[in-house]
file model.cif (mmCIF, N, CA and C atoms and all ligand atoms)
data_entry
loop_
_atom_site.label_atom_id
_atom_site.label_comp_id
_atom_site.auth_asym_id
_atom_site.auth_seq_id
_atom_site.Cartn_x
_atom_site.Cartn_y
_atom_site.Cartn_z
N MET A 4 0.85 -1.20 0.00
CA MET A 4 0.00 0.00 0.00
C MET A 4 0.89 1.25 0.00
N THR A 5 0.50 2.22 -0.82
CA THR A 5 1.27 3.46 -0.87
C THR A 5 1.14 4.21 0.45
N GLU A 6 2.25 4.71 0.94
CA GLU A 6 2.18 5.57 2.11
C GLU A 6 1.90 6.98 1.63
N LYS A 7 0.98 7.63 2.30
CA LYS A 7 0.69 8.99 1.87
C LYS A 7 1.67 9.95 2.53
N PRO A 8 2.26 10.87 1.73
CA PRO A 8 3.16 11.84 2.35
C PRO A 8 2.39 12.72 3.33
N PRO A 9 3.03 13.20 4.38
CA PRO A 9 2.31 14.02 5.36
C PRO A 9 1.71 15.28 4.73
N SER A 10 0.60 15.74 5.30
CA SER A 10 -0.03 16.96 4.80
C SER A 10 0.93 18.13 4.95
N LEU A 11 0.84 19.06 3.99
CA LEU A 11 1.79 20.17 3.95
C LEU A 11 1.22 21.40 4.64
N PRO A 12 1.90 21.88 5.68
CA PRO A 12 1.41 23.08 6.36
C PRO A 12 1.56 24.31 5.47
N LEU A 13 0.53 25.16 5.50
CA LEU A 13 0.59 26.41 4.75
C LEU A 13 0.74 27.52 5.78
N THR A 14 1.87 28.14 5.79
CA THR A 14 2.18 29.08 6.87
C THR A 14 2.27 30.52 6.38
N THR A 15 2.00 31.42 7.30
CA THR A 15 2.18 32.84 7.03
C THR A 15 3.69 33.13 7.10
N PRO A 16 4.12 34.29 6.57
CA PRO A 16 5.57 34.60 6.64
C PRO A 16 6.11 34.58 8.07
N ASP A 17 5.25 34.88 9.06
CA ASP A 17 5.77 34.84 10.42
C ASP A 17 5.59 33.46 11.07
N GLY A 18 5.25 32.47 10.26
CA GLY A 18 5.32 31.09 10.75
C GLY A 18 4.05 30.51 11.33
N GLU A 19 2.91 31.21 11.22
CA GLU A 19 1.67 30.63 11.73
C GLU A 19 1.04 29.72 10.68
N VAL A 20 0.67 28.51 11.08
CA VAL A 20 0.03 27.57 10.15
C VAL A 20 -1.46 27.89 10.06
N LEU A 21 -1.94 28.16 8.85
CA LEU A 21 -3.35 28.50 8.69
C LEU A 21 -4.15 27.35 8.11
N SER A 22 -3.51 26.52 7.32
CA SER A 22 -4.22 25.42 6.69
C SER A 22 -3.20 24.38 6.25
N TYR A 23 -3.72 23.32 5.65
CA TYR A 23 -2.84 22.28 5.15
C TYR A 23 -3.25 21.89 3.74
N ALA A 24 -2.28 21.46 2.97
CA ALA A 24 -2.57 20.91 1.66
C ALA A 24 -2.32 19.40 1.72
N CYS A 25 -3.05 18.67 0.89
CA CYS A 25 -2.84 17.23 0.80
C CYS A 25 -1.39 16.97 0.40
N GLY A 26 -0.75 16.05 1.08
CA GLY A 26 0.65 15.75 0.79
C GLY A 26 0.85 15.09 -0.55
N LEU A 27 -0.21 14.53 -1.11
CA LEU A 27 -0.08 13.81 -2.37
C LEU A 27 -0.49 14.68 -3.56
N CYS A 28 -1.73 15.18 -3.54
CA CYS A 28 -2.18 15.95 -4.71
C CYS A 28 -1.99 17.45 -4.51
N ARG A 29 -1.63 17.84 -3.28
CA ARG A 29 -1.32 19.23 -2.95
C ARG A 29 -2.52 20.16 -3.06
N SER A 30 -3.73 19.62 -3.13
CA SER A 30 -4.85 20.54 -3.14
C SER A 30 -5.08 21.01 -1.70
N VAL A 31 -5.51 22.25 -1.58
CA VAL A 31 -5.73 22.83 -0.26
C VAL A 31 -7.14 22.55 0.17
N ARG A 32 -7.27 21.92 1.31
CA ARG A 32 -8.59 21.60 1.82
C ARG A 32 -8.97 22.69 2.79
N ILE A 33 -10.06 23.38 2.49
CA ILE A 33 -10.52 24.41 3.40
C ILE A 33 -11.40 23.77 4.48
N GLY A 34 -12.50 23.15 4.06
CA GLY A 34 -13.29 22.32 4.98
C GLY A 34 -14.06 23.07 6.05
N ALA A 35 -13.52 24.12 6.60
CA ALA A 35 -14.23 24.85 7.65
C ALA A 35 -13.94 26.32 7.50
N GLU A 36 -14.91 27.12 7.88
CA GLU A 36 -14.76 28.57 7.82
C GLU A 36 -15.05 29.14 9.19
N SER A 37 -14.49 30.28 9.49
CA SER A 37 -14.84 30.92 10.76
C SER A 37 -15.91 31.96 10.49
N MET A 38 -16.65 32.28 11.55
CA MET A 38 -17.61 33.37 11.45
C MET A 38 -16.84 34.64 11.77
N GLY A 39 -16.63 35.47 10.78
CA GLY A 39 -15.88 36.69 11.02
C GLY A 39 -14.40 36.38 11.17
N PRO A 40 -13.62 37.40 11.47
CA PRO A 40 -12.17 37.19 11.57
C PRO A 40 -11.84 36.26 12.74
N PRO A 41 -11.10 35.17 12.49
CA PRO A 41 -10.80 34.24 13.57
C PRO A 41 -9.67 34.75 14.46
N ASP A 42 -9.82 34.57 15.78
CA ASP A 42 -8.70 34.93 16.65
C ASP A 42 -7.68 33.78 16.62
N ALA A 43 -6.57 33.97 17.34
CA ALA A 43 -5.46 33.01 17.26
C ALA A 43 -5.92 31.59 17.59
N GLU A 44 -6.76 31.47 18.62
CA GLU A 44 -7.21 30.15 19.03
C GLU A 44 -8.07 29.50 17.95
N GLU A 45 -8.98 30.29 17.37
CA GLU A 45 -9.83 29.78 16.29
C GLU A 45 -8.99 29.39 15.07
N ARG A 46 -7.98 30.19 14.80
CA ARG A 46 -7.12 29.88 13.65
C ARG A 46 -6.43 28.54 13.86
N ALA A 47 -5.98 28.31 15.10
CA ALA A 47 -5.31 27.04 15.40
C ALA A 47 -6.29 25.87 15.25
N GLU A 48 -7.53 26.05 15.74
CA GLU A 48 -8.54 25.00 15.63
C GLU A 48 -8.88 24.70 14.17
N LEU A 49 -9.04 25.79 13.41
CA LEU A 49 -9.36 25.62 11.99
C LEU A 49 -8.23 24.91 11.27
N ALA A 50 -7.00 25.26 11.62
CA ALA A 50 -5.85 24.64 10.97
C ALA A 50 -5.83 23.14 11.27
N GLU A 51 -6.16 22.77 12.52
CA GLU A 51 -6.20 21.36 12.89
C GLU A 51 -7.27 20.62 12.10
N TYR A 52 -8.44 21.27 12.02
CA TYR A 52 -9.54 20.67 11.28
C TYR A 52 -9.16 20.48 9.82
N ARG A 53 -8.54 21.51 9.27
CA ARG A 53 -8.15 21.43 7.86
C ARG A 53 -7.06 20.40 7.64
N ARG A 54 -6.23 20.19 8.67
CA ARG A 54 -5.20 19.17 8.52
C ARG A 54 -5.85 17.77 8.45
N SER A 55 -6.85 17.52 9.30
CA SER A 55 -7.49 16.20 9.26
C SER A 55 -8.17 16.01 7.90
N ASP A 56 -8.69 17.10 7.36
CA ASP A 56 -9.30 17.05 6.03
C ASP A 56 -8.25 16.74 4.97
N ALA A 57 -7.12 17.42 5.05
CA ALA A 57 -6.04 17.20 4.09
C ALA A 57 -5.49 15.79 4.24
N ASP A 58 -5.46 15.28 5.48
CA ASP A 58 -4.97 13.92 5.71
C ASP A 58 -5.85 12.88 5.03
N ARG A 59 -7.15 13.18 4.96
CA ARG A 59 -8.10 12.22 4.35
C ARG A 59 -8.10 12.28 2.83
N CYS A 60 -7.60 13.41 2.28
CA CYS A 60 -7.59 13.58 0.83
C CYS A 60 -6.77 12.48 0.18
N CYS A 61 -7.20 12.05 -1.00
CA CYS A 61 -6.48 11.00 -1.74
C CYS A 61 -6.41 9.69 -0.97
N THR A 62 -7.33 9.48 -0.03
CA THR A 62 -7.36 8.25 0.75
C THR A 62 -8.76 7.69 0.71
N CYS A 63 -8.88 6.39 0.47
CA CYS A 63 -10.20 5.78 0.45
C CYS A 63 -10.72 5.65 1.87
N ARG A 64 -11.92 6.13 2.12
CA ARG A 64 -12.48 6.07 3.49
C ARG A 64 -12.89 4.66 3.85
N GLU A 65 -13.02 3.82 2.83
CA GLU A 65 -13.48 2.45 3.07
C GLU A 65 -12.31 1.54 3.42
N CYS A 66 -11.32 1.49 2.55
CA CYS A 66 -10.23 0.52 2.74
C CYS A 66 -8.91 1.19 3.07
N GLY A 67 -8.86 2.53 3.02
CA GLY A 67 -7.65 3.23 3.42
C GLY A 67 -6.55 3.26 2.36
N VAL A 68 -6.84 2.77 1.17
CA VAL A 68 -5.83 2.77 0.13
C VAL A 68 -5.56 4.22 -0.29
N VAL A 69 -4.31 4.49 -0.64
CA VAL A 69 -3.92 5.84 -1.00
C VAL A 69 -3.67 5.92 -2.51
N ALA A 70 -4.35 6.83 -3.18
CA ALA A 70 -4.12 7.03 -4.60
C ALA A 70 -4.48 8.46 -4.96
N LEU A 71 -3.75 8.99 -5.88
CA LEU A 71 -3.98 10.38 -6.30
C LEU A 71 -5.42 10.55 -6.79
N GLY A 72 -6.11 11.53 -6.25
CA GLY A 72 -7.42 11.90 -6.77
C GLY A 72 -8.61 11.24 -6.10
N ILE A 73 -8.39 10.36 -5.10
CA ILE A 73 -9.54 9.79 -4.40
C ILE A 73 -10.16 10.86 -3.52
N SER A 74 -11.47 11.04 -3.65
CA SER A 74 -12.08 12.04 -2.77
C SER A 74 -12.85 11.37 -1.65
N MET A 75 -13.51 10.26 -1.92
CA MET A 75 -14.25 9.55 -0.88
C MET A 75 -13.82 8.09 -0.78
N GLU A 76 -13.85 7.41 -1.90
CA GLU A 76 -13.54 5.99 -1.90
C GLU A 76 -12.79 5.65 -3.18
N CYS A 77 -12.04 4.55 -3.15
CA CYS A 77 -11.30 4.15 -4.34
C CYS A 77 -12.27 3.49 -5.33
N ASP A 78 -11.83 3.29 -6.55
CA ASP A 78 -12.70 2.70 -7.57
C ASP A 78 -13.22 1.34 -7.13
N ALA A 79 -12.32 0.50 -6.58
CA ALA A 79 -12.71 -0.85 -6.18
C ALA A 79 -13.82 -0.79 -5.13
N CYS A 80 -13.69 0.11 -4.15
CA CYS A 80 -14.71 0.22 -3.10
C CYS A 80 -16.00 0.78 -3.66
N GLY A 81 -15.89 1.68 -4.64
CA GLY A 81 -17.07 2.23 -5.28
C GLY A 81 -17.86 1.14 -5.99
N VAL A 82 -17.13 0.28 -6.70
CA VAL A 82 -17.77 -0.83 -7.41
C VAL A 82 -18.42 -1.77 -6.40
N LYS A 83 -17.69 -2.08 -5.31
CA LYS A 83 -18.23 -2.98 -4.29
C LYS A 83 -19.49 -2.40 -3.65
N ARG A 84 -19.43 -1.10 -3.33
CA ARG A 84 -20.57 -0.47 -2.66
C ARG A 84 -21.80 -0.50 -3.56
N ARG A 85 -21.60 -0.19 -4.85
CA ARG A 85 -22.74 -0.19 -5.77
C ARG A 85 -23.31 -1.59 -5.93
N ALA A 86 -22.40 -2.61 -5.98
CA ALA A 86 -22.86 -3.99 -6.10
C ALA A 86 -23.66 -4.39 -4.87
N ARG A 87 -23.20 -3.94 -3.69
CA ARG A 87 -23.88 -4.27 -2.43
C ARG A 87 -25.28 -3.64 -2.42
N LEU A 88 -25.34 -2.37 -2.85
CA LEU A 88 -26.62 -1.67 -2.89
C LEU A 88 -27.60 -2.39 -3.80
N GLU A 89 -27.07 -2.83 -4.94
CA GLU A 89 -27.92 -3.51 -5.91
C GLU A 89 -28.41 -4.84 -5.35
N ALA A 90 -27.51 -5.56 -4.67
CA ALA A 90 -27.87 -6.86 -4.10
C ALA A 90 -28.92 -6.70 -3.02
N GLU A 91 -28.85 -5.57 -2.30
CA GLU A 91 -29.81 -5.36 -1.20
C GLU A 91 -31.16 -4.87 -1.70
N GLN A 92 -31.20 -4.45 -2.96
CA GLN A 92 -32.41 -3.82 -3.48
C GLN A 92 -33.67 -4.69 -3.34
N PRO A 93 -33.66 -5.97 -3.78
CA PRO A 93 -34.88 -6.78 -3.65
C PRO A 93 -35.29 -6.97 -2.19
N ALA A 94 -34.32 -7.18 -1.31
CA ALA A 94 -34.63 -7.37 0.11
C ALA A 94 -35.27 -6.11 0.68
N ARG A 95 -34.75 -4.95 0.27
CA ARG A 95 -35.31 -3.69 0.76
C ARG A 95 -36.73 -3.52 0.27
N ALA A 96 -36.97 -3.85 -0.98
CA ALA A 96 -38.31 -3.71 -1.55
C ALA A 96 -39.28 -4.64 -0.83
N ALA A 97 -38.82 -5.87 -0.53
CA ALA A 97 -39.68 -6.83 0.17
C ALA A 97 -40.01 -6.32 1.56
N ARG A 98 -39.00 -5.75 2.23
CA ARG A 98 -39.20 -5.23 3.57
C ARG A 98 -40.22 -4.09 3.55
N ALA A 99 -40.09 -3.21 2.57
CA ALA A 99 -40.99 -2.07 2.46
C ALA A 99 -42.42 -2.56 2.22
N ALA A 100 -42.57 -3.58 1.36
CA ALA A 100 -43.90 -4.12 1.07
C ALA A 100 -44.51 -4.73 2.33
N GLU A 101 -43.67 -5.42 3.10
CA GLU A 101 -44.15 -6.05 4.32
C GLU A 101 -44.62 -5.00 5.33
N GLU A 102 -43.80 -3.95 5.48
CA GLU A 102 -44.16 -2.88 6.39
C GLU A 102 -45.48 -2.24 5.98
N GLU A 103 -45.65 -2.09 4.66
CA GLU A 103 -46.86 -1.47 4.17
C GLU A 103 -48.08 -2.33 4.49
N SER A 104 -47.93 -3.67 4.35
CA SER A 104 -49.08 -4.54 4.62
C SER A 104 -49.41 -4.54 6.11
N VAL A 105 -48.38 -4.41 6.97
CA VAL A 105 -48.64 -4.31 8.41
C VAL A 105 -49.41 -3.03 8.71
N ARG A 106 -48.99 -1.94 8.07
CA ARG A 106 -49.67 -0.66 8.27
C ARG A 106 -51.11 -0.76 7.77
N GLU A 107 -51.25 -1.41 6.63
CA GLU A 107 -52.58 -1.57 6.04
C GLU A 107 -53.49 -2.33 6.99
N ALA A 108 -52.98 -3.41 7.59
CA ALA A 108 -53.76 -4.22 8.53
C ALA A 108 -54.14 -3.39 9.75
N ALA A 109 -53.21 -2.57 10.21
CA ALA A 109 -53.47 -1.74 11.38
C ALA A 109 -54.57 -0.72 11.05
N ARG A 110 -54.50 -0.18 9.83
CA ARG A 110 -55.52 0.78 9.40
C ARG A 110 -56.89 0.11 9.34
N ALA A 111 -56.92 -1.10 8.75
CA ALA A 111 -58.18 -1.82 8.61
C ALA A 111 -58.77 -2.09 9.99
N LYS A 112 -57.89 -2.49 10.92
CA LYS A 112 -58.35 -2.77 12.27
C LYS A 112 -58.91 -1.51 12.92
N ALA A 113 -58.21 -0.40 12.70
CA ALA A 113 -58.64 0.86 13.30
C ALA A 113 -60.00 1.27 12.74
N LEU A 114 -60.19 1.06 11.42
CA LEU A 114 -61.48 1.40 10.81
C LEU A 114 -62.59 0.54 11.41
N ASP A 115 -62.31 -0.76 11.55
CA ASP A 115 -63.29 -1.66 12.17
C ASP A 115 -63.67 -1.17 13.56
N ARG A 116 -62.62 -0.79 14.29
CA ARG A 116 -62.85 -0.38 15.66
C ARG A 116 -63.70 0.89 15.69
N ASP A 117 -63.35 1.84 14.82
CA ASP A 117 -64.12 3.08 14.77
C ASP A 117 -65.57 2.78 14.43
N ALA A 118 -65.76 1.88 13.46
CA ALA A 118 -67.12 1.54 13.06
C ALA A 118 -67.86 0.88 14.22
N ALA A 119 -67.15 0.01 14.95
CA ALA A 119 -67.77 -0.69 16.06
C ALA A 119 -68.15 0.29 17.16
N VAL A 120 -67.26 1.23 17.42
CA VAL A 120 -67.54 2.22 18.46
C VAL A 120 -68.75 3.06 18.06
N LEU A 121 -68.78 3.46 16.80
CA LEU A 121 -69.88 4.27 16.29
C LEU A 121 -71.21 3.52 16.41
N LEU A 122 -71.16 2.25 16.03
CA LEU A 122 -72.36 1.42 16.08
C LEU A 122 -72.83 1.28 17.52
N ALA A 123 -71.88 1.03 18.40
CA ALA A 123 -72.21 0.86 19.81
C ALA A 123 -72.85 2.13 20.35
N MET A 124 -72.33 3.29 19.92
CA MET A 124 -72.90 4.55 20.38
C MET A 124 -74.33 4.73 19.88
N ARG A 125 -74.52 4.39 18.59
CA ARG A 125 -75.86 4.54 18.01
C ARG A 125 -76.86 3.64 18.72
N MET A 126 -76.41 2.39 18.96
CA MET A 126 -77.31 1.44 19.59
C MET A 126 -77.67 1.90 20.98
N CYS A 127 -76.67 2.47 21.64
CA CYS A 127 -76.88 2.95 23.00
C CYS A 127 -77.93 4.07 22.99
N ARG A 128 -77.78 4.99 22.02
CA ARG A 128 -78.73 6.10 21.92
C ARG A 128 -80.13 5.60 21.56
N TRP A 129 -80.09 4.67 20.66
CA TRP A 129 -81.37 4.13 20.19
C TRP A 129 -82.09 3.48 21.36
N ARG A 130 -81.33 2.71 22.17
CA ARG A 130 -81.94 2.01 23.30
C ARG A 130 -82.48 3.01 24.33
N SER A 131 -81.73 4.11 24.49
CA SER A 131 -82.21 5.07 25.51
C SER A 131 -83.19 6.07 24.89
N GLY A 132 -83.53 5.81 23.61
CA GLY A 132 -84.60 6.59 23.01
C GLY A 132 -84.12 7.90 22.39
N TRP A 133 -82.76 8.13 22.28
CA TRP A 133 -82.29 9.36 21.62
C TRP A 133 -82.33 9.22 20.13
N ARG A 134 -82.48 10.35 19.46
CA ARG A 134 -82.32 10.35 18.02
C ARG A 134 -81.23 11.31 17.60
ZN ZN A 201 -5.10 14.79 -2.24
ZN ZN A 202 -11.12 1.50 -1.09
#

call {"tool": "encode", "arguments": {"input": "model.cif", "output": "structure tokens"}}
result
Amino acid sequence: MTEKPPSLPLTTPDGEVLSYACGLCRSVRIGAESMGPPDAEERAELAEYRRSDADRCCTCRECGVVALGISMECDACGVKRRARLEAEQPARAARAAEEESVREAARAKALDRDAAVLLAMRMCRWRSGWR
């Protein structure tokens, strides 16, 4: 497996690190913004956040393989994920249909119950002579 070179600090002329670039493709990952001008502490936090972002660049989040230009997952993992999704599709559809029939049964039961309650009320009124 390729080792990814460390992320590159981007520093001001007086040596403060503001962000990092990916060590492999050298793109600068911003990832987070401050609200208004950041103070020294916020700048340090943002730089840390951006470093973790730069560290993840060109790295597959699934298998950890390092290759130039990976943004989320490598091609192999992308193919695997899509195949998995496709394989799960019929099972998901069956599950959804089952859930729907359970809901349908619950609705039917509720309608029966409402009708029964209504009937019971009418009969009660009828017996006590109300109209
Ligand atoms: Zn990169
Ligand atoms: Zn992968």

call {"tool": "residues_around", "arguments": {"input": "model.cif", "residues": "range 61-76 of chain A", "least_positions_apart": "2", "cutoff": "8 Å", "atoms": "all atoms listed in the file", "output": "VMD selection string"}}
result
chain A and resid 4 to 7 25 to 28 56 to 59 78 to 82

call {"tool": "atom_distance", "arguments": {"input": "model.cif", "atom1": "CA of Ala113 in chain A", "atom2": "CA of Ala96 in chain A"}}
result
25.6 Å

call {"tool": "atom_distance", "arguments": {"input": "model.cif", "atom1": "atom C of Ser22 in chain A", "atom2": "CA of Cys77 in chain A"}}
result
24.2 Å

call {"tool": "atom_distance", "arguments": {"input": "model.cif", "atom1": "CA of Arg29 in chain A", "atom2": "CA of Leu11 in chain A"}}
result
7.6 Å

call {"tool": "residues_around", "arguments": {"input": "model.cif", "residues": "range 42-49 of chain A", "least_positions_apart": "6", "cutoff": "7 Å", "atoms": "all atoms listed in the file", "output": "ChimeraX atom specification"}}
result
/A:20-22,35

call {"tool": "select_by_dssp", "arguments": {"input": "model.cif", "residues": "range 63-131 of chain A", "states": "alpha helix (DSSP H)", "output": "compact mmCIF listing (two decimals) with N, CA and C atoms, keeping the file's coordinate frame"}}
result
# COMPACT_ATOMS: atom_id res chain seq x y z
N ASP A 78 -11.83 3.29 -6.55
CA ASP A 78 -12.70 2.70 -7.57
C ASP A 78 -13.22 1.34 -7.13
N ALA A 79 -12.32 0.50 -6.58
CA ALA A 79 -12.71 -0.85 -6.18
C ALA A 79 -13.82 -0.79 -5.13
N CYS A 80 -13.69 0.11 -4.15
CA CYS A 80 -14.71 0.22 -3.10
C CYS A 80 -16.00 0.78 -3.66
N GLY A 81 -15.89 1.68 -4.64
CA GLY A 81 -17.07 2.23 -5.28
C GLY A 81 -17.86 1.14 -5.99
N VAL A 82 -17.13 0.28 -6.70
CA VAL A 82 -17.77 -0.83 -7.41
C VAL A 82 -18.42 -1.77 -6.40
N LYS A 83 -17.69 -2.08 -5.31
CA LYS A 83 -18.23 -2.98 -4.29
C LYS A 83 -19.49 -2.40 -3.65
N ARG A 84 -19.43 -1.10 -3.33
CA ARG A 84 -20.57 -0.47 -2.66
C ARG A 84 -21.80 -0.50 -3.56
N ARG A 85 -21.60 -0.19 -4.85
CA ARG A 85 -22.74 -0.19 -5.77
C ARG A 85 -23.31 -1.59 -5.93
N ALA A 86 -22.40 -2.61 -5.98
CA ALA A 86 -22.86 -3.99 -6.10
C ALA A 86 -23.66 -4.39 -4.87
N ARG A 87 -23.20 -3.94 -3.69
CA ARG A 87 -23.88 -4.27 -2.43
C ARG A 87 -25.28 -3.64 -2.42
N LEU A 88 -25.34 -2.37 -2.85
CA LEU A 88 -26.62 -1.67 -2.89
C LEU A 88 -27.60 -2.39 -3.80
N GLU A 89 -27.07 -2.83 -4.94
CA GLU A 89 -27.92 -3.51 -5.91
C GLU A 89 -28.41 -4.84 -5.35
N ALA A 90 -27.51 -5.56 -4.67
CA ALA A 90 -27.87 -6.86 -4.10
C ALA A 90 -28.92 -6.70 -3.02
N GLU A 91 -28.85 -5.57 -2.30
CA GLU A 91 -29.81 -5.36 -1.20
C GLU A 91 -31.16 -4.87 -1.70
N GLN A 92 -31.20 -4.45 -2.96
CA GLN A 92 -32.41 -3.82 -3.48
C GLN A 92 -33.67 -4.69 -3.34
N PRO A 93 -33.66 -5.97 -3.78
CA PRO A 93 -34.88 -6.78 -3.65
C PRO A 93 -35.29 -6.97 -2.19
N ALA A 94 -34.32 -7.18 -1.31
CA ALA A 94 -34.63 -7.37 0.11
C ALA A 94 -35.27 -6.11 0.68
N ARG A 95 -34.75 -4.95 0.27
CA ARG A 95 -35.31 -3.69 0.76
C ARG A 95 -36.73 -3.52 0.27
N ALA A 96 -36.97 -3.85 -0.98
CA ALA A 96 -38.31 -3.71 -1.55
C ALA A 96 -39.28 -4.64 -0.83
N ALA A 97 -38.82 -5.87 -0.53
CA ALA A 97 -39.68 -6.83 0.17
C ALA A 97 -40.01 -6.32 1.56
N ARG A 98 -39.00 -5.75 2.23
CA ARG A 98 -39.20 -5.23 3.57
C ARG A 98 -40.22 -4.09 3.55
N ALA A 99 -40.09 -3.21 2.57
CA ALA A 99 -40.99 -2.07 2.46
C ALA A 99 -42.42 -2.56 2.22
N ALA A 100 -42.57 -3.58 1.36
CA ALA A 100 -43.90 -4.12 1.07
C ALA A 100 -44.51 -4.73 2.33
N GLU A 101 -43.67 -5.42 3.10
CA GLU A 101 -44.15 -6.05 4.32
C GLU A 101 -44.62 -5.00 5.33
N GLU A 102 -43.80 -3.95 5.48
CA GLU A 102 -44.16 -2.88 6.39
C GLU A 102 -45.48 -2.24 5.98
N GLU A 103 -45.65 -2.09 4.66
CA GLU A 103 -46.86 -1.47 4.17
C GLU A 103 -48.08 -2.33 4.49
N SER A 104 -47.93 -3.67 4.35
CA SER A 104 -49.08 -4.54 4.62
C SER A 104 -49.41 -4.54 6.11
N VAL A 105 -48.38 -4.41 6.97
CA VAL A 105 -48.64 -4.31 8.41
C VAL A 105 -49.41 -3.03 8.71
N ARG A 106 -48.99 -1.94 8.07
CA ARG A 106 -49.67 -0.66 8.27
C ARG A 106 -51.11 -0.76 7.77
N GLU A 107 -51.25 -1.41 6.63
CA GLU A 107 -52.58 -1.57 6.04
C GLU A 107 -53.49 -2.33 6.99
N ALA A 108 -52.98 -3.41 7.59
CA ALA A 108 -53.76 -4.22 8.53
C ALA A 108 -54.14 -3.39 9.75
N ALA A 109 -53.21 -2.57 10.21
CA ALA A 109 -53.47 -1.74 11.38
C ALA A 109 -54.57 -0.72 11.05
N ARG A 110 -54.50 -0.18 9.83
CA ARG A 110 -55.52 0.78 9.40
C ARG A 110 -56.89 0.11 9.34
N ALA A 111 -56.92 -1.10 8.75
CA ALA A 111 -58.18 -1.82 8.61
C ALA A 111 -58.77 -2.09 9.99
N LYS A 112 -57.89 -2.49 10.92
CA LYS A 112 -58.35 -2.77 12.27
C LYS A 112 -58.91 -1.51 12.92
N ALA A 113 -58.21 -0.40 12.70
CA ALA A 113 -58.64 0.86 13.30
C ALA A 113 -60.00 1.27 12.74
N LEU A 114 -60.19 1.06 11.42
CA LEU A 114 -61.48 1.40 10.81
C LEU A 114 -62.59 0.54 11.41
N ASP A 115 -62.31 -0.76 11.55
CA ASP A 115 -63.29 -1.66 12.17
C ASP A 115 -63.67 -1.17 13.56
N ARG A 116 -62.62 -0.79 14.29
CA ARG A 116 -62.85 -0.38 15.66
C ARG A 116 -63.70 0.89 15.69
N ASP A 117 -63.35 1.84 14.82
CA ASP A 117 -64.12 3.08 14.77
C ASP A 117 -65.57 2.78 14.43
N ALA A 118 -65.76 1.88 13.46
CA ALA A 118 -67.12 1.54 13.06
C ALA A 118 -67.86 0.88 14.22
N ALA A 119 -67.15 0.01 14.95
CA ALA A 119 -67.77 -0.69 16.06
C ALA A 119 -68.15 0.29 17.16
N VAL A 120 -67.26 1.23 17.42
CA VAL A 120 -67.54 2.22 18.46
C VAL A 120 -68.75 3.06 18.06
N LEU A 121 -68.78 3.46 16.80
CA LEU A 121 -69.88 4.27 16.29
C LEU A 121 -71.21 3.52 16.41
N LEU A 122 -71.16 2.25 16.03
CA LEU A 122 -72.36 1.42 16.08
C LEU A 122 -72.83 1.28 17.52
N ALA A 123 -71.88 1.03 18.40
CA ALA A 123 -72.21 0.86 19.81
C ALA A 123 -72.85 2.13 20.35
N MET A 124 -72.33 3.29 19.92
CA MET A 124 -72.90 4.55 20.38
C MET A 124 -74.33 4.73 19.88
N ARG A 125 -74.52 4.39 18.59
CA ARG A 125 -75.86 4.54 18.01
C ARG A 125 -76.86 3.64 18.72
N MET A 126 -76.41 2.39 18.96
CA MET A 126 -77.31 1.44 19.59
C MET A 126 -77.67 1.90 20.98
N CYS A 127 -76.67 2.47 21.64
CA CYS A 127 -76.88 2.95 23.00
C CYS A 127 -77.93 4.07 22.99
N ARG A 128 -77.78 4.99 22.02
CA ARG A 128 -78.73 6.10 21.92
C ARG A 128 -80.13 5.60 21.56
N TRP A 129 -80.09 4.67 20.66
CA TRP A 129 -81.37 4.13 20.19
C TRP A 129 -82.09 3.48 21.36
N ARG A 130 -81.33 2.71 22.17
CA ARG A 130 -81.94 2.01 23.30
C ARG A 130 -82.48 3.01 24.33
